[in-house]
file entry23.tsv (TSV, C-alpha atoms)
chain	number	residue	atom	x	y	z
Z	1	MET	CA	-11.20	2.71	20.24
Z	2	LYS	CA	-8.40	3.95	18.00
Z	3	ASN	CA	-6.82	7.34	18.55
Z	4	LYS	CA	-6.36	8.61	14.99
Z	5	TRP	CA	-3.94	11.36	15.97
Z	6	LEU	CA	-1.80	8.98	18.00
Z	7	ASN	CA	-1.71	6.67	15.01
Z	8	ILE	CA	-0.59	9.54	12.76
Z	9	ILE	CA	2.23	10.32	15.19
Z	10	LEU	CA	3.24	6.64	15.14
Z	11	ILE	CA	3.21	6.64	11.33
Z	12	ILE	CA	5.51	9.68	11.26
Z	13	CYS	CA	7.86	8.07	13.81
Z	14	MET	CA	7.96	4.84	11.80
Z	15	ILE	CA	8.71	6.72	8.57
Z	16	ILE	CA	11.59	8.52	10.29
Z	17	MET	CA	12.81	5.18	11.69
Z	18	GLN	CA	12.58	3.67	8.20
Z	19	ARG	CA	14.64	6.52	6.81
Z	20	VAL	CA	17.31	6.11	9.50
Z	21	VAL	CA	17.66	2.33	9.24
Z	22	ILE	CA	17.84	2.39	5.44
Z	23	GLN	CA	20.49	5.11	5.51
Z	24	MET	CA	22.51	3.21	8.14
Z	25	SER	CA	22.11	-0.17	6.44
Z	26	GLY	CA	24.91	0.31	3.93
Z	27	TYR	CA	22.81	-0.97	1.04
Z	28	GLU	CA	23.19	0.91	-2.23
Z	29	VAL	CA	19.68	2.22	-2.89
Z	30	TYR	CA	17.87	4.65	-5.17
Z	31	GLN	CA	16.14	7.91	-4.27
Z	32	LEU	CA	12.95	7.43	-2.24
Z	33	PRO	CA	14.04	3.91	-1.24
Z	34	PHE	CA	10.77	3.32	0.66
Z	35	ALA	CA	9.09	3.07	-2.75
Z	36	SER	CA	11.91	2.56	-5.22
Z	37	THR	CA	14.16	-0.12	-3.78
Z	38	LEU	CA	13.42	-3.70	-2.81
Z	39	PHE	CA	16.18	-5.78	-4.34
Z	40	ILE	CA	16.30	-9.55	-4.65
Z	41	PHE	CA	19.61	-10.94	-3.40
Z	42	ASP	CA	21.07	-14.43	-3.45
Z	43	ASN	CA	21.29	-14.23	0.33
Z	44	PRO	CA	17.89	-15.01	1.96
Z	45	THR	CA	18.82	-13.05	5.10
Z	46	SER	CA	19.49	-9.90	3.07
Z	47	ASN	CA	16.13	-10.36	1.34
Z	48	LEU	CA	14.30	-10.59	4.67
Z	49	VAL	CA	16.13	-7.53	6.02
Z	50	GLN	CA	15.15	-5.50	2.94
Z	51	ILE	CA	11.52	-6.61	3.32
Z	52	LEU	CA	11.60	-5.55	6.96
Z	53	TYR	CA	12.89	-2.09	5.99
Z	54	ALA	CA	10.15	-1.71	3.37
Z	55	TYR	CA	7.46	-2.96	5.78
Z	56	ILE	CA	8.26	-0.71	8.78
Z	57	PRO	CA	5.52	1.96	8.38
Z	58	LEU	CA	2.95	-0.09	6.46
Z	59	PRO	CA	1.24	-1.91	9.38
Z	60	PHE	CA	0.66	1.46	11.03
Z	61	VAL	CA	-0.74	2.90	7.79
Z	62	LEU	CA	-3.09	-0.07	7.41
Z	63	PHE	CA	-4.13	0.17	11.04
Z	64	TYR	CA	-4.93	3.87	10.55
Z	65	PHE	CA	-7.48	2.90	7.88
Z	66	SER	CA	-8.74	-0.14	9.77
Z	67	GLY	CA	-12.42	0.15	10.65
Z	68	ASN	CA	-13.37	2.30	7.65
Z	69	ALA	CA	-16.17	-0.09	6.73
Z	70	ARG	CA	-17.65	0.21	10.22
Z	71	GLU	CA	-17.77	4.00	9.80
Z	72	ILE	CA	-20.26	3.72	6.94
Z	73	THR	CA	-22.25	0.77	8.27
Z	74	THR	CA	-22.86	2.01	11.84
Z	75	GLY	CA	-23.27	5.30	13.69
Z	76	TYR	CA	-22.70	8.26	11.39
Z	77	GLY	CA	-23.00	6.00	8.35
Z	78	LYS	CA	-26.66	5.36	9.18
Z	79	LEU	CA	-27.24	9.07	9.76
Z	80	TRP	CA	-25.80	9.96	6.35
Z	81	LEU	CA	-28.07	7.40	4.70
Z	82	ILE	CA	-31.10	8.76	6.56
Z	83	ARG	CA	-30.17	12.20	5.18
Z	84	SER	CA	-30.84	10.81	1.69
Z	85	TYR	CA	-27.25	9.78	0.86
Z	86	SER	CA	-27.25	6.82	-1.51
Z	87	ARG	CA	-25.00	3.95	-0.51
Z	88	GLU	CA	-22.92	4.43	-3.67
Z	89	ARG	CA	-22.39	8.11	-2.85
Z	90	LEU	CA	-21.47	7.38	0.76
Z	91	TYR	CA	-19.04	4.65	-0.30
Z	92	LEU	CA	-17.36	6.86	-2.91
Z	93	LYS	CA	-17.10	9.68	-0.37
Z	94	ASN	CA	-15.36	7.32	2.05
Z	95	ALA	CA	-13.03	5.91	-0.64
Z	96	ILE	CA	-12.03	9.37	-1.90
Z	97	LEU	CA	-11.41	10.58	1.64
Z	98	SER	CA	-9.23	7.54	2.30
Z	99	ALA	CA	-7.29	8.21	-0.90
Z	100	ALA	CA	-6.77	11.86	0.11
Z	101	LYS	CA	-5.52	10.88	3.56
Z	102	LEU	CA	-3.19	8.28	2.07
Z	103	ALA	CA	-1.88	10.83	-0.42
Z	104	CYS	CA	-0.98	13.13	2.48
Z	105	ILE	CA	0.87	10.26	4.18
Z	106	VAL	CA	2.82	9.40	1.01
Z	107	ILE	CA	3.64	13.07	0.37
Z	108	GLY	CA	4.90	13.40	3.95
Z	109	GLN	CA	6.95	10.23	3.54
Z	110	THR	CA	8.39	11.59	0.29
Z	111	ILE	CA	9.39	14.87	1.93
Z	112	ILE	CA	11.09	13.06	4.83
Z	113	PHE	CA	13.10	10.94	2.40
Z	114	LEU	CA	14.01	13.83	0.09
Z	115	ILE	CA	15.66	15.78	2.90
Z	116	CYS	CA	19.44	15.35	2.53
Z	117	ASP	CA	19.23	12.33	0.24
Z	118	GLY	CA	22.63	12.88	-1.36
Z	119	THR	CA	23.88	9.39	-0.45
Z	120	TRP	CA	21.33	7.63	-2.69
Z	121	ASN	CA	21.45	6.94	-6.42
Z	122	ASN	CA	19.54	9.61	-8.32
Z	123	LEU	CA	16.51	8.88	-10.45
Z	124	SER	CA	15.10	10.98	-13.29
Z	125	SER	CA	12.10	13.16	-12.54
Z	126	ILE	CA	9.85	10.86	-14.58
Z	127	LYS	CA	10.97	7.78	-12.67
Z	128	LEU	CA	10.52	9.57	-9.34
Z	129	ILE	CA	6.93	10.41	-10.28
Z	130	GLN	CA	6.31	6.84	-11.45
Z	131	VAL	CA	7.75	5.47	-8.20
Z	132	ILE	CA	5.58	7.71	-6.01
Z	133	VAL	CA	2.38	7.15	-8.02
Z	134	THR	CA	2.82	3.38	-8.19
Z	135	TYR	CA	3.56	3.15	-4.46
Z	136	PHE	CA	0.45	5.23	-3.70
Z	137	VAL	CA	-1.78	3.14	-5.97
Z	138	GLY	CA	-0.40	-0.09	-4.49
Z	139	VAL	CA	-0.93	0.96	-0.88
Z	140	TRP	CA	-4.41	2.26	-1.74
Z	141	ALA	CA	-5.21	-1.17	-3.19
Z	142	LEU	CA	-4.14	-2.71	0.13
Z	143	VAL	CA	-6.37	-0.25	2.00
Z	144	GLN	CA	-9.34	-1.05	-0.24
Z	145	LEU	CA	-8.70	-4.79	0.08
Z	146	GLN	CA	-8.79	-4.34	3.85
Z	147	PHE	CA	-12.07	-2.39	3.53
Z	148	LEU	CA	-13.63	-5.13	1.40
Z	149	LEU	CA	-12.65	-7.83	3.88
Z	150	GLU	CA	-14.15	-5.76	6.73
Z	151	LEU	CA	-17.53	-6.16	5.04
Z	152	PHE	CA	-17.18	-9.92	5.63
Z	153	MET	CA	-15.27	-10.13	8.91
Z	154	ASP	CA	-14.11	-8.22	11.98
Z	155	ALA	CA	-11.83	-5.25	11.26
Z	156	SER	CA	-8.97	-6.60	13.37
Z	157	ILE	CA	-8.98	-9.94	11.52
Z	158	SER	CA	-9.08	-8.11	8.18
Z	159	ASN	CA	-6.10	-6.00	9.24
Z	160	ILE	CA	-4.09	-9.07	10.25
Z	161	PHE	CA	-4.99	-10.86	7.00
Z	162	VAL	CA	-3.82	-7.94	4.82
Z	163	ASN	CA	-0.56	-7.59	6.75
Z	164	VAL	CA	0.15	-11.32	6.40
Z	165	PHE	CA	-0.74	-11.17	2.70
Z	166	LEU	CA	1.64	-8.23	2.25
Z	167	VAL	CA	4.62	-9.92	3.88
Z	168	VAL	CA	4.02	-13.34	2.32
Z	169	SER	CA	3.67	-11.73	-1.14
Z	170	LEU	CA	7.04	-10.01	-0.80
Z	171	ILE	CA	8.71	-13.21	0.40
Z	172	ILE	CA	7.24	-15.26	-2.47
Z	173	GLY	CA	8.22	-12.46	-4.85
Z	174	ASN	CA	11.87	-13.12	-4.02
Z	175	SER	CA	11.57	-16.43	-5.87
Z	176	VAL	CA	8.99	-15.91	-8.62
Z	177	LEU	CA	10.01	-12.49	-9.96
Z	178	ILE	CA	13.42	-13.81	-11.03
Z	179	ASN	CA	11.84	-16.68	-12.94
Z	180	ARG	CA	10.59	-15.67	-16.38
Z	181	ASP	CA	7.87	-18.36	-16.34
Z	182	LEU	CA	6.64	-17.47	-12.84
Z	183	SER	CA	7.04	-13.67	-12.89
Z	184	ARG	CA	3.30	-13.18	-13.55
Z	185	ILE	CA	2.62	-14.70	-10.14
Z	186	GLY	CA	4.79	-11.97	-8.62
Z	187	VAL	CA	2.72	-9.33	-10.41
Z	188	MET	CA	-0.53	-10.95	-9.22
Z	189	LEU	CA	0.86	-10.74	-5.69
Z	190	PHE	CA	0.53	-6.99	-6.14
Z	191	PRO	CA	2.37	-5.78	-3.00
Z	192	ASN	CA	5.56	-6.49	-4.98
Z	193	MET	CA	4.49	-3.76	-7.41
Z	194	LEU	CA	4.77	-1.08	-4.71
Z	195	PHE	CA	8.52	-0.98	-5.29
Z	196	GLY	CA	10.25	0.41	-8.37
Z	197	THR	CA	12.87	-2.32	-8.62
Z	198	ARG	CA	10.12	-4.98	-8.69
Z	199	SER	CA	7.50	-3.19	-10.80
Z	200	GLY	CA	9.77	-2.55	-13.80
Z	201	ILE	CA	10.26	1.18	-13.23
Z	202	ILE	CA	13.92	0.67	-12.35
Z	203	TYR	CA	15.60	-1.93	-14.56
Z	204	GLN	CA	16.95	-4.98	-12.76
Z	205	LYS	CA	18.55	-7.62	-14.97
Z	206	ASN	CA	17.22	-10.52	-12.89
Z	207	ILE	CA	13.58	-9.34	-12.61
Z	208	TYR	CA	11.21	-10.09	-15.49
Z	209	VAL	CA	8.46	-7.48	-15.07
Z	210	ARG	CA	7.32	-4.72	-17.43
Z	211	TYR	CA	6.13	-1.50	-15.79
Z	212	GLU	CA	3.23	-1.01	-18.18
Z	213	ALA	CA	1.87	-4.44	-17.30
Z	214	SER	CA	2.37	-4.06	-13.54
Z	215	ILE	CA	0.77	-0.62	-13.16
Z	216	THR	CA	-2.15	-1.62	-15.43
Z	217	TYR	CA	-2.77	-4.73	-13.32
Z	218	VAL	CA	-2.74	-2.83	-10.03
Z	219	ILE	CA	-5.11	-0.13	-11.34
Z	220	ILE	CA	-7.53	-2.75	-12.72
Z	221	LEU	CA	-7.36	-4.61	-9.42
Z	222	LEU	CA	-8.11	-1.39	-7.52
Z	223	VAL	CA	-11.16	-0.75	-9.70
Z	224	ILE	CA	-12.38	-4.34	-9.19
Z	225	LEU	CA	-11.93	-4.08	-5.42
Z	226	ASN	CA	-14.04	-0.92	-5.37
Z	227	ILE	CA	-16.77	-2.42	-7.55
Z	228	ILE	CA	-17.02	-5.54	-5.39
Z	229	SER	CA	-17.03	-3.38	-2.24
Z	230	ILE	CA	-19.89	-1.25	-3.55
Z	231	ILE	CA	-21.91	-4.34	-4.49
Z	232	LYS	CA	-21.33	-5.93	-1.09
Z	233	TYR	CA	-22.03	-2.67	0.77
Z	234	LYS	CA	-25.34	-2.25	-1.05
Z	235	LYS	CA	-26.37	-5.74	0.12
Z	236	THR	CA	-25.21	-5.27	3.72
Z	237	ASP	CA	-28.02	-4.93	6.25
Z	238	ILE	CA	-27.10	-1.93	8.40
Z	239	TYR	CA	-30.49	-1.11	9.91

call {"tool": "encode", "arguments": {"input": "entry23.tsv", "output": "structure tokens"}}
result
Amino acid sequence: MKNKWLNIILIICMIIMQRVVIQMSGYEVYQLPFASTLFIFDNPTSNLVQILYAYIPLPFVLFYFSGNAREITTGYGKLWLIRSYSRERLYLKNAILSAAKLACIVIGQTIIFLICDGTWNNLSSIKLIQVIVTYFVGVWALVQLQFLLELFMDASISNIFVNVFLVVSLIIGNSVLINRDLSRIGVMLFPNMLFGTRSGIIYQKNIYVRYEASITYVIILLVILNIISIIKYKKTDIY
């Protein structure tokens, strides 16, 4: 059984580690580099290192939310339904609670990275807000994708699948986002949109993505994931 508080401590430690390694890396990055900066270099090794820096806390965040589907299909989930909760209401309650918890994690991550960030390139207030919101929406989409998969398979397998999808998407993004004809594939592999330099928030001359298109896609995808999850949850036999 997971220890939620231990996992929170691990998340905080990984965020601090991420902050330290990015600051010591020597790369020229923007404010809030955990969400703003994931460059595409000509050097494949540099690309993999940047992906590693961006990935550091995310497996722990995803693991924290792993098993959410089980919470509303067994144990207390059954009790809530017996107490006249509709499945839609119980699902929405779970999704909103997950979003609130994730928001707290992202806010904490933001605070840790804003402390003494004088060595990083400044962004305007509007771009900072866009970076934080887009990162939050993107990670929430990953959490909801993991939830949806848990309705079809074991939670541990779902967690592994989402982590692999995340890393593979970022690696493929190194090639497709710099190709005007293939850049839409990079947007469809939505984990790339977590980062300002890949989502169009921060202009990069070799990346062909518009922010309006990327954030619209991720929001629509998040809505679709929730709709499919509700439909599947309503059909799941939990008694």

call {"tool": "atom_distance", "arguments": {"input": "entry23.tsv", "atom1": "atom CA of Lys205 of chain Z", "atom2": "atom CA of Leu166 of chain Z"}}
result
24.1 Å

call {"tool": "residues_around", "arguments": {"input": "entry23.tsv", "residues": "Asn179 of chain Z", "least_positions_apart": "5", "cutoff": "9 Å", "atoms": "all atoms listed in the file", "output": "list in words"}}
result
Asn206, Ile207 and Tyr208 of chain Z

call {"tool": "atom_distance", "arguments": {"input": "entry23.tsv", "atom1": "atom CA of Pro59 of chain Z", "atom2": "atom CA of Val223 of chain Z"}}
result
22.8 Å

call {"tool": "atom_distance", "arguments": {"input": "entry23.tsv", "atom1": "atom CA of Leu142 of chain Z", "atom2": "atom CA of Ile22 of chain Z"}}
result
23.2 Å

call {"tool": "residues_around", "arguments": {"input": "entry23.tsv", "residues": "Tyr64 of chain Z", "least_positions_apart": "2", "cutoff": "12 Å", "atoms": "all atoms listed in the file", "output": "ChimeraX atom specification"}}
result
/Z:1-12,57-62,66-68,98,101-102,105,143,146-147,155-156,159

call {"tool": "closest_residue", "arguments": {"input": "entry23.tsv", "among": "Z:Ala103, Z:Val218, Z:Ile40, Z:Ile172", "to": "Phe136 of chain Z", "atoms": "all atoms listed in the file"}}
result
Z:Ala103

call {"tool": "closest_residue", "arguments": {"input": "entry23.tsv", "among": "Z:Leu52, Z:Leu123, Z:Val133, Z:Ile201", "to": "Met17 of chain Z", "atoms": "only C-alpha atoms"}}
result
Z:Leu52

call {"tool": "closest_atom_pairs", "arguments": {"input": "entry23.tsv", "of": "segment 127-229 of chain Z", "to": "segment 46-49 of chain Z", "cutoff": "12 Å", "atoms": "all atoms listed in the file", "output": "CSV"}}
result
residue,atom,partner,partner_atom,distance
Z:Val167,CA,Z:Leu48,CA,9.7
Z:Val168,CA,Z:Leu48,CA,10.9
Z:Leu170,CA,Z:Leu48,CA,9.1
Z:Ile171,CA,Z:Leu48,CA,7.5
Z:Ile172,CA,Z:Asn47,CA,10.8
Z:Gly173,CA,Z:Asn47,CA,10.3
Z:Asn174,CA,Z:Asn47,CA,7.4
Z:Ser175,CA,Z:Asn47,CA,10.5

call {"tool": "axis_aligned_box", "arguments": {"input": "entry23.tsv", "around": "segment 91-104 of chain Z", "padding_each_side": "5 Å", "output": "lines of an AutoDock Vina configuration file"}}
result
center_x = -10.0
center_y = 8.9
center_z = 0.3
size_x = 28.1
size_y = 18.5
size_z = 16.5

call {"tool": "residues_near_point", "arguments": {"input": "entry23.tsv", "point": "(5.1, 1.7, -8.2)", "cutoff": "12 Å", "atoms": "only C-alpha atoms", "output": "VMD selection string"}}
result
chain Z and resid 32 to 38 127 to 141 187 190 to 202 209 to 219

call {"tool": "closest_residue", "arguments": {"input": "entry23.tsv", "among": "Z:Met24, Z:Tyr55, Z:Gln144, Z:Phe41", "to": "Leu177 of chain Z", "atoms": "all atoms listed in the file"}}
result
Z:Phe41

call {"tool": "residues_near_point", "arguments": {"input": "entry23.tsv", "point": "(13.6, 0.8, 7.3)", "cutoff": "6 Å", "atoms": "all atoms listed in the file", "output": "list in words"}}
result
Gln18, Arg19, Val21, Ile22, Tyr53, Ala54 and Ile56 of chain Z

call {"tool": "closest_residue", "arguments": {"input": "entry23.tsv", "among": "Z:Ala95, Z:Ile178, Z:Leu90, Z:Leu145", "to": "Gln204 of chain Z", "atoms": "only C-alpha atoms"}}
result
Z:Ile178

call {"tool": "closest_residue", "arguments": {"input": "entry23.tsv", "among": "Z:Ile72, Z:Val20, Z:Ile96, Z:Val106", "to": "Lys234 of chain Z", "atoms": "all atoms listed in the file"}}
result
Z:Ile72

call {"tool": "residues_around", "arguments": {"input": "entry23.tsv", "residues": "Thr236 of chain Z", "least_positions_apart": "6", "cutoff": "12 Å", "atoms": "all atoms listed in the file", "output": "ChimeraX atom specification"}}
result
/Z:69-70,72-74,87,148,150-152,229-230

call {"tool": "closest_residue", "arguments": {"input": "entry23.tsv", "among": "Z:Leu221, Z:Leu189, Z:Ile16, Z:Leu97", "to": "Ile111 of chain Z", "atoms": "all atoms listed in the file"}}
result
Z:Ile16
